[in-house]
Structure formats: structure tokens, C-alpha cells
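Note: the block below is start_24.pdb and it holds PDB, C-alpha atoms, pLDDT in the B column.
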ATOM      1  CA  MET A   1       0.000   0.000   0.000  1.00 79.00           C
ATOM      2  CA  ASN A   2       1.318   3.445  -0.944  1.00 88.00           C
ATOM      3  CA  GLY A   3       1.049   6.558   1.217  1.00 91.00           C
ATOM      4  CA  LEU A   4      -0.063  10.005   0.157  1.00 94.00           C
ATOM      5  CA  ASN A   5       2.337  12.961   0.057  1.00 96.00           C
ATOM      6  CA  GLN A   6       0.272  15.981  -0.890  1.00 96.00           C
ATOM      7  CA  VAL A   7       0.198  19.503   0.503  1.00 97.00           C
ATOM      8  CA  VAL A   8      -1.693  22.680  -0.407  1.00 97.00           C
ATOM      9  CA  ILE A   9      -0.775  26.058   1.073  1.00 97.00           C
ATOM     10  CA  MET A  10      -1.989  29.587   0.420  1.00 95.00           C
ATOM     11  CA  GLY A  11       0.255  32.457   1.399  1.00 95.00           C
ATOM     12  CA  PHE A  12       2.303  35.412   0.247  1.00 95.00           C
ATOM     13  CA  LEU A  13       5.639  35.533  -1.537  1.00 96.00           C
ATOM     14  CA  GLY A  14       8.279  36.923   0.827  1.00 96.00           C
ATOM     15  CA  ALA A  15      10.713  37.756  -1.982  1.00 96.00           C
ATOM     16  CA  ASP A  16      10.836  37.741  -5.761  1.00 96.00           C
ATOM     17  CA  PRO A  17      11.246  34.130  -6.945  1.00 97.00           C
ATOM     18  CA  GLU A  18      14.721  33.075  -8.134  1.00 98.00           C
ATOM     19  CA  LEU A  19      15.029  31.305 -11.499  1.00 98.00           C
ATOM     20  CA  ARG A  20      18.114  29.186 -12.258  1.00 97.00           C
ATOM     21  CA  MET A  21      19.003  26.662 -14.916  1.00 96.00           C
ATOM     22  CA  GLY A  22      19.976  23.218 -13.660  1.00 93.00           C
ATOM     23  CA  ALA A  23      21.945  20.417 -15.263  1.00 88.00           C
ATOM     24  CA  GLY A  24      20.657  19.629 -18.711  1.00 92.00           C
ATOM     25  CA  GLY A  25      19.001  23.048 -19.065  1.00 94.00           C
ATOM     26  CA  THR A  26      16.068  22.374 -16.723  1.00 96.00           C
ATOM     27  CA  ALA A  27      14.599  25.564 -15.238  1.00 97.00           C
ATOM     28  CA  ILE A  28      14.400  25.636 -11.433  1.00 97.00           C
ATOM     29  CA  LEU A  29      12.340  28.297  -9.650  1.00 97.00           C
ATOM     30  CA  LYS A  30      12.813  28.800  -5.885  1.00 98.00           C
ATOM     31  CA  MET A  31      10.217  30.704  -3.852  1.00 97.00           C
ATOM     32  CA  LYS A  32       9.656  31.604  -0.199  1.00 97.00           C
ATOM     33  CA  VAL A  33       5.990  31.555   0.810  1.00 97.00           C
ATOM     34  CA  ALA A  34       4.709  32.856   4.161  1.00 97.00           C
ATOM     35  CA  THR A  35       1.559  31.429   5.738  1.00 97.00           C
ATOM     36  CA  ASN A  36      -0.009  32.903   8.869  1.00 95.00           C
ATOM     37  CA  GLU A  37      -2.212  31.509  11.565  1.00 94.00           C
ATOM     38  CA  SER A  38      -3.873  33.402  14.391  1.00 94.00           C
ATOM     39  CA  TRP A  39      -5.713  32.231  17.470  1.00 93.00           C
ATOM     40  CA  GLN A  40      -6.946  33.413  20.820  1.00 94.00           C
ATOM     41  CA  ASP A  41      -4.965  32.148  23.778  1.00 94.00           C
ATOM     42  CA  LYS A  42      -6.450  31.201  27.161  1.00 94.00           C
ATOM     43  CA  ASN A  43      -6.331  34.909  28.179  1.00 95.00           C
ATOM     44  CA  ASN A  44      -8.425  35.850  25.115  1.00 94.00           C
ATOM     45  CA  GLU A  45      -5.458  37.645  23.561  1.00 94.00           C
ATOM     46  CA  TRP A  46      -4.799  37.220  19.859  1.00 95.00           C
ATOM     47  CA  GLN A  47      -1.587  35.423  18.951  1.00 95.00           C
ATOM     48  CA  GLU A  48      -0.125  35.110  15.467  1.00 95.00           C
ATOM     49  CA  ARG A  49       2.561  32.901  13.950  1.00 96.00           C
ATOM     50  CA  THR A  50       4.126  33.070  10.491  1.00 96.00           C
ATOM     51  CA  GLU A  51       5.505  29.891   8.926  1.00 96.00           C
ATOM     52  CA  TRP A  52       7.932  30.128   5.995  1.00 97.00           C
ATOM     53  CA  HIS A  53       7.845  27.467   3.273  1.00 98.00           C
ATOM     54  CA  ARG A  54      10.478  26.783   0.632  1.00 98.00           C
ATOM     55  CA  VAL A  55       8.853  25.999  -2.707  1.00 98.00           C
ATOM     56  CA  THR A  56      10.544  24.649  -5.843  1.00 97.00           C
ATOM     57  CA  VAL A  57       9.035  24.469  -9.332  1.00 97.00           C
ATOM     58  CA  PHE A  58      10.729  22.744 -12.297  1.00 96.00           C
ATOM     59  CA  GLY A  59      10.594  22.975 -16.096  1.00 95.00           C
ATOM     60  CA  LYS A  60       8.452  25.147 -18.364  1.00 94.00           C
ATOM     61  CA  ARG A  61       6.089  26.003 -15.502  1.00 94.00           C
ATOM     62  CA  ALA A  62       9.072  27.484 -13.606  1.00 95.00           C
ATOM     63  CA  GLU A  63      10.011  29.673 -16.573  1.00 95.00           C
ATOM     64  CA  THR A  64       6.455  30.945 -17.002  1.00 92.00           C
ATOM     65  CA  LEU A  65       5.915  31.676 -13.316  1.00 93.00           C
ATOM     66  CA  ALA A  66       9.213  33.576 -13.084  1.00 94.00           C
ATOM     67  CA  LYS A  67       7.821  36.142 -15.549  1.00 92.00           C
ATOM     68  CA  PHE A  68       4.768  37.009 -13.434  1.00 90.00           C
ATOM     69  CA  LEU A  69       5.290  36.275  -9.744  1.00 93.00           C
ATOM     70  CA  ARG A  70       6.610  39.045  -7.495  1.00 93.00           C
ATOM     71  CA  LYS A  71       7.192  39.660  -3.820  1.00 94.00           C
ATOM     72  CA  GLY A  72       3.954  40.189  -1.878  1.00 94.00           C
ATOM     73  CA  MET A  73       1.681  38.329  -4.300  1.00 94.00           C
ATOM     74  CA  CYS A  74      -0.798  35.846  -2.884  1.00 94.00           C
ATOM     75  CA  VAL A  75      -0.270  32.315  -4.238  1.00 95.00           C
ATOM     76  CA  THR A  76      -1.795  28.886  -3.748  1.00 95.00           C
ATOM     77  CA  VAL A  77       0.732  26.065  -4.061  1.00 96.00           C
ATOM     78  CA  GLY A  78      -0.009  22.359  -4.459  1.00 97.00           C
ATOM     79  CA  GLY A  79       2.687  19.725  -4.397  1.00 97.00           C
ATOM     80  CA  ALA A  80       4.640  17.179  -2.384  1.00 97.00           C
ATOM     81  CA  ILE A  81       6.929  17.601   0.628  1.00 97.00           C
ATOM     82  CA  ARG A  82      10.559  16.580   0.107  1.00 97.00           C
ATOM     83  CA  THR A  83      13.265  16.418   2.753  1.00 96.00           C
ATOM     84  CA  SER A  84      16.930  16.342   1.788  1.00 94.00           C
ATOM     85  CA  THR A  85      20.067  16.032   3.882  1.00 95.00           C
ATOM     86  CA  TYR A  86      23.491  17.578   3.540  1.00 92.00           C
ATOM     87  CA  GLU A  87      26.655  17.809   5.622  1.00 94.00           C
ATOM     88  CA  LYS A  88      28.210  21.077   6.690  1.00 93.00           C
ATOM     89  CA  GLU A  89      31.299  21.227   8.908  1.00 94.00           C
ATOM     90  CA  GLY A  90      30.830  17.569   9.819  1.00 95.00           C
ATOM     91  CA  GLN A  91      27.218  17.986  10.965  1.00 95.00           C
ATOM     92  CA  LYS A  92      24.169  16.552   9.211  1.00 95.00           C
ATOM     93  CA  HIS A  93      21.499  19.108   8.280  1.00 95.00           C
ATOM     94  CA  TYR A  94      17.980  18.631   6.948  1.00 95.00           C
ATOM     95  CA  SER A  95      16.088  20.820   4.506  1.00 93.00           C
ATOM     96  CA  THR A  96      12.368  20.519   3.802  1.00 96.00           C
ATOM     97  CA  GLU A  97      10.669  22.010   0.741  1.00 97.00           C
ATOM     98  CA  ILE A  98       7.494  21.728  -1.287  1.00 98.00           C
ATOM     99  CA  VAL A  99       8.044  20.505  -4.846  1.00 97.00           C
ATOM    100  CA  ALA A 100       5.127  22.227  -6.554  1.00 97.00           C
ATOM    101  CA  GLY A 101       3.050  20.736  -9.325  1.00 94.00           C
ATOM    102  CA  GLN A 102       0.551  23.607  -9.283  1.00 94.00           C
ATOM    103  CA  VAL A 103       0.899  27.300  -8.457  1.00 94.00           C
ATOM    104  CA  TYR A 104      -2.068  29.674  -8.735  1.00 90.00           C
ATOM    105  CA  SER A 105      -2.672  33.307  -7.895  1.00 83.00           C
ATOM    106  CA  PRO A 106      -6.212  33.688  -6.493  1.00 71.00           C
ATOM    107  CA  ASN A 107      -6.365  37.461  -7.076  1.00 56.00           C
ATOM    108  CA  GLN A 108      -5.973  37.271 -10.860  1.00 53.00           C
ATOM    109  CA  PRO A 109      -7.831  39.997 -12.747  1.00 46.00           C
ATOM    110  CA  THR A 110      -9.503  39.103 -16.027  1.00 40.00           C
ATOM    111  CA  ARG A 111      -8.678  40.481 -19.467  1.00 40.00           C
ATOM    112  CA  ARG A 112     -10.181  40.308 -22.958  1.00 34.00           C
ATOM    113  CA  VAL A 113      -8.637  37.833 -25.385  1.00 39.00           C
ATOM    114  CA  ASP A 114      -9.050  37.233 -29.124  1.00 41.00           C
ATOM    115  CA  GLY A 115     -12.542  35.721 -29.098  1.00 43.00           C
ATOM    116  CA  GLY A 116     -13.913  38.580 -27.006  1.00 41.00           C
ATOM    117  CA  ALA A 117     -14.456  36.294 -24.027  1.00 40.00           C
ATOM    118  CA  ASN A 118     -13.054  37.066 -20.600  1.00 39.00           C
ATOM    119  CA  GLU A 119     -10.146  34.877 -19.602  1.00 40.00           C
ATOM    120  CA  ALA A 120      -8.005  34.882 -16.482  1.00 41.00           C
ATOM    121  CA  ALA A 121      -4.707  36.681 -16.931  1.00 40.00           C
ATOM    122  CA  PRO A 122      -1.897  34.409 -15.772  1.00 43.00           C
ATOM    123  CA  PHE A 123      -0.503  35.700 -12.477  1.00 40.00           C
ATOM    124  CA  ALA A 124      -1.041  39.382 -13.081  1.00 38.00           C
ATOM    125  CA  PRO A 125       0.959  41.534 -10.630  1.00 37.00           C
ATOM    126  CA  SER A 126      -0.763  42.233  -7.344  1.00 36.00           C
ATOM    127  CA  THR A 127      -0.992  45.497  -5.451  1.00 33.00           C
ATOM    128  CA  LEU A 128       0.139  43.724  -2.290  1.00 33.00           C
ATOM    129  CA  ASN A 129       3.598  44.475  -0.977  1.00 35.00           C
ATOM    130  CA  GLY A 130       5.959  42.635   1.348  1.00 36.00           C
ATOM    131  CA  SER A 131       4.891  44.684   4.389  1.00 37.00           C
ATOM    132  CA  ASN A 132       1.385  43.200   4.113  1.00 38.00           C
ATOM    133  CA  LEU A 133       2.328  39.523   4.220  1.00 38.00           C
ATOM    134  CA  GLY A 134      -0.316  38.610   6.755  1.00 40.00           C
ATOM    135  CA  ARG A 135      -3.550  39.827   5.219  1.00 39.00           C
ATOM    136  CA  SER A 136      -4.954  40.413   1.780  1.00 39.00           C
ATOM    137  CA  PRO A 137      -7.147  43.523   1.621  1.00 39.00           C
ATOM    138  CA  ALA A 138      -9.509  41.710  -0.766  1.00 41.00           C
ATOM    139  CA  ALA A 139      -9.900  38.607   1.403  1.00 42.00           C
ATOM    140  CA  PRO A 140     -12.473  38.610   4.196  1.00 39.00           C
ATOM    141  CA  THR A 141     -11.440  37.486   7.673  1.00 42.00           C
ATOM    142  CA  VAL A 142     -13.100  34.174   8.516  1.00 44.00           C
ATOM    143  CA  ASP A 143     -12.831  32.215  11.751  1.00 47.00           C
ATOM    144  CA  ILE A 144     -12.336  28.540  10.977  1.00 49.00           C
ATOM    145  CA  PRO A 145     -13.372  26.294  13.886  1.00 50.00           C
ATOM    146  CA  PHE A 146     -10.469  23.816  13.633  1.00 42.00           C
TER     147      PHE A 146
END

Spell out the structure here as C-alpha cells.
Amino acid sequence: MNGLNQVVIMGFLGADPELRMGAGGTAILKMKVATNESWQDKNNEWQERTEWHRVTVFGKRAETLAKFLRKGMCVTVGGAIRTSTYEKEGQKHYSTEIVAGQVYSPNQPTRRVDGGANEAAPFAPSTLNGSNLGRSPAAPTVDIPF
């Protein structure tokens, strides 16, 4: 029986993505995505924690995303978690990342295309900036009971 390694996160880009070419000419896009959670503690005071996720995208998708994604944009990432190990100064270190198969920007505006129909523009730049990593002005605040 096989297990399931699937993750979906929605957060904000903490920096402009970095595009590199790997061995054999494969495009590799590295991104840092911040997700936030908030809760009320036992004293009814609001607490907040930001978690940073390393995301990697390969191939043509990486090249396309590199043209549109910018720091501060809201993205939804779907993929698998990968952990790698490396040695530095004789000590073993671990690095965890999400290898993304899908990356979407939920705040995409629409534009007219040839047939006159409205079509989503791929990852159009957002008005969000890096100082607003926690909240999207367009997204309502919703309390989720879990």
C-alpha cells in the first residue's frame, strides 16, 4: 500500500522568486511563501505565527511563473513535501521544501482575449507588498473552527 504525500498552502511571496538553470538546461524556480495563523490564547489575547515554506518548481512552468510572480503576491501552491540532507562542517542538516506541481494566484484579474471572451490573466501583478504579508485587503477574515 502506498502513502499520500500531498500539501496545499496559500500564502504570500516573501521575496521575488529566483530562477536558475539546472543540469541539462532544466529551469528551477525557488520561492519563499509565508503562511499565517492566528488564534486566541487562554487569556483571550490574539496570537499570530508566520511559517515560511520553501517551494521549488521545475521545467516550463518554472520559466512561465518567473515572468509574473513578485514579492507580496498571494499564491496557492499544491505539491509534495521533500526532505533532503546535507553535511556542513561535519554535521548533518535537513532541509524541507514543497516541490510544486501547481501554483495559482487567487487574485488574478480578467482580461479580454481574441474571441472577445473574458479569460483569467496568468498571475497578473498584485498590489500587495511585502509589508502586508499577513492579510490580503480583498480577502475577508473568517474564523475557521479547527

Q: Find the residues around stretch 81-86 of chain A up to 8 Å (only C-alpha atoms counted), leave out those fewer than 6 positions away in its own chain, and share them as a ChimeraX atom specification.
A: /A:5-7,92-99

- Would you list the contacts of stretch 32-45 of chain A as a list in words, taking every protein, DNA or RNA residue within 8 Å and counting all atoms listed in the file, but skipping same-chain residues closer than 2 positions in sequence?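 My reading of the contact set: Ile9, Met10, Gly11, Phe12, Leu13, Gly14, Ala15, Pro17, Lys30, Gln47, Glu48, Arg49, Thr50, Glu51, Trp52, His53, Arg54, Val55, Leu133 and Gly134 of chain A.
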
Students should find that atom CA of A:Gly72 and atom CA of A:Thr26 are spaced 26.2 Å

- request: Report the distance between atom CA of A:Val75 and atom CA of A:Ala23 in Å, rounded to one decimal place.
  value: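 Atom CA of A:Ala23 lies at a distance of 27.5 Å from atom CA of A:Val75.
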
| In Å, with one decimal, what is the gap from atom CA of A:Glu87 to atom CA of A:Gly25? |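 Taking atom CA of A:Glu87 and atom CA of A:Gly25, their separation equals 26.4 Å.
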
Output check: residues returned by the PyMOL selection byres ((chain A and resi 66) around 10), as a VMD selection string: chain A and resid 16 to 20 27 to 31 57 60 to 65 67 to 70 123

Practice prompt. Translate the PyMOL selection byres ((chain A and resi 103) around 8), as applied to the file shown, into an explicit residue set as a PyMOL selection string.
Written response: chain A and resi 75-78+100-102+104-105

Size and centre in Å, one decimal, axis-aligned box, all listed stretch 84-89 of chain A atoms plus 5 Å per side, as lines of an AutoDock Vina configuration file:
center_x = 24.1
center_y = 18.6
center_z = 5.3
size_x = 24.4
size_y = 15.2
size_z = 17.1
